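Notes follow the structure.
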Amino acid sequence: MTGLKKQLLVERKKVPFNLEAAIKARGANLKKAFIPMTSNVEVDGHLITGQNPFSSKEMAKIVVRQLEGK
């Protein structure tokens with residue numbers, strides 16, 4: 001097992017529920033990054049979401065673009 005997999009398992013134990021399963025169960029169309037811990041931003045009209053902290057820079061650029069009307 002790689003160090004990354006071990007770390008992901010440790011982090012998984014800290015979260016008492018599976019958010020992905022919960023939002024899918026409520027009918028959400030979830031899109032996530034193919035490679036874990038990389039940027040992933042989704043835009044749907046006025047809703048802008050980032051998957052994780054690695055999405056912060058890309059998400060900020062999109063928010064600024066949206067506010068500028070571009």
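Each chain in the structure tokens gets a letter, A, B and so on, in the order shown; residues start at 1 in every chain, and ligands are counted from 1 in the order they appear.
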**Request:** Tell me which protein, DNA and RNA residues are within 9 Å of Pro53 (chain A), counting only C-alpha atoms, leaving out same-chain ones fewer than 2 positions away, and put them as a ChimeraX atom specification.
**Result:** /A:37-39,50-51,55-57
**Message:** Env of Met59 (chain A): 12 Å cut, atoms = only C-alpha atoms, seq-sep filter 3 positions within chain, self excluded. Answer as a VMD selection string.
**Reply:** chain A and resid 39 to 43 47 to 56 62 to 66
**Request:** Looking only at alpha helix (DSSP H) from DSSP on the backbone, list the matching residues of chain A as a PyMOL selection string.
**Result:** chain A and resi 3-14+19-25+56-68
Atoms kept (C-alpha atoms) for selection, written as a short mmCIF file (atom, residue, chain, number, x, y, z; two decimals), in the first residue's frame:
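Saved result, again22.cif, follows:
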data_model
loop_
_atom_site.label_atom_id
_atom_site.label_comp_id
_atom_site.auth_asym_id
_atom_site.auth_seq_id
_atom_site.Cartn_x
_atom_site.Cartn_y
_atom_site.Cartn_z
CA GLY A 3 1.75 6.28 1.51
CA LEU A 4 -1.01 8.17 -0.30
CA LYS A 5 -3.47 5.30 0.10
CA LYS A 6 -2.59 4.97 3.79
CA GLN A 7 -3.14 8.70 4.32
CA LEU A 8 -6.48 8.57 2.51
CA LEU A 9 -7.60 5.70 4.75
CA VAL A 10 -6.58 7.64 7.87
CA GLU A 11 -8.50 10.70 6.66
CA ARG A 12 -11.55 8.58 5.82
CA LYS A 13 -11.77 7.41 9.45
CA LYS A 14 -11.97 11.05 10.62
CA LEU A 19 -20.69 12.93 1.83
CA GLU A 20 -20.49 11.69 -1.76
CA ALA A 21 -23.01 8.91 -1.11
CA ALA A 22 -25.29 11.27 0.83
CA ILE A 23 -25.54 13.90 -1.91
CA LYS A 24 -25.92 11.29 -4.66
CA ALA A 25 -28.77 9.74 -2.66
CA SER A 56 -9.05 27.46 -4.52
CA LYS A 57 -6.96 29.29 -7.13
CA GLU A 58 -9.03 28.13 -10.10
CA MET A 59 -12.27 28.84 -8.25
CA ALA A 60 -11.14 32.37 -7.31
CA LYS A 61 -10.33 33.11 -10.98
CA ILE A 62 -13.77 31.92 -12.05
CA VAL A 63 -15.52 33.96 -9.34
CA VAL A 64 -13.66 37.10 -10.43
CA ARG A 65 -14.50 36.40 -14.09
CA GLN A 66 -18.18 35.92 -13.20
CA LEU A 67 -18.26 39.15 -11.16
CA GLU A 68 -16.65 41.04 -14.04
#
**One-decimal distance in Å that lies between CA of Asp44 (chain A) and CA of Lys70 (chain A)** =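 So the two atoms, CA of Lys70 (chain A) and CA of Asp44 (chain A), lie 15.0 Å apart.
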**Message:** Among region 3-60 of chain A, which ones does DSSP assign to strand (DSSP E) (computed from the backbone)? Answer as a PyMOL selection string.
**Reply:** chain A and resi 41-44+47-50
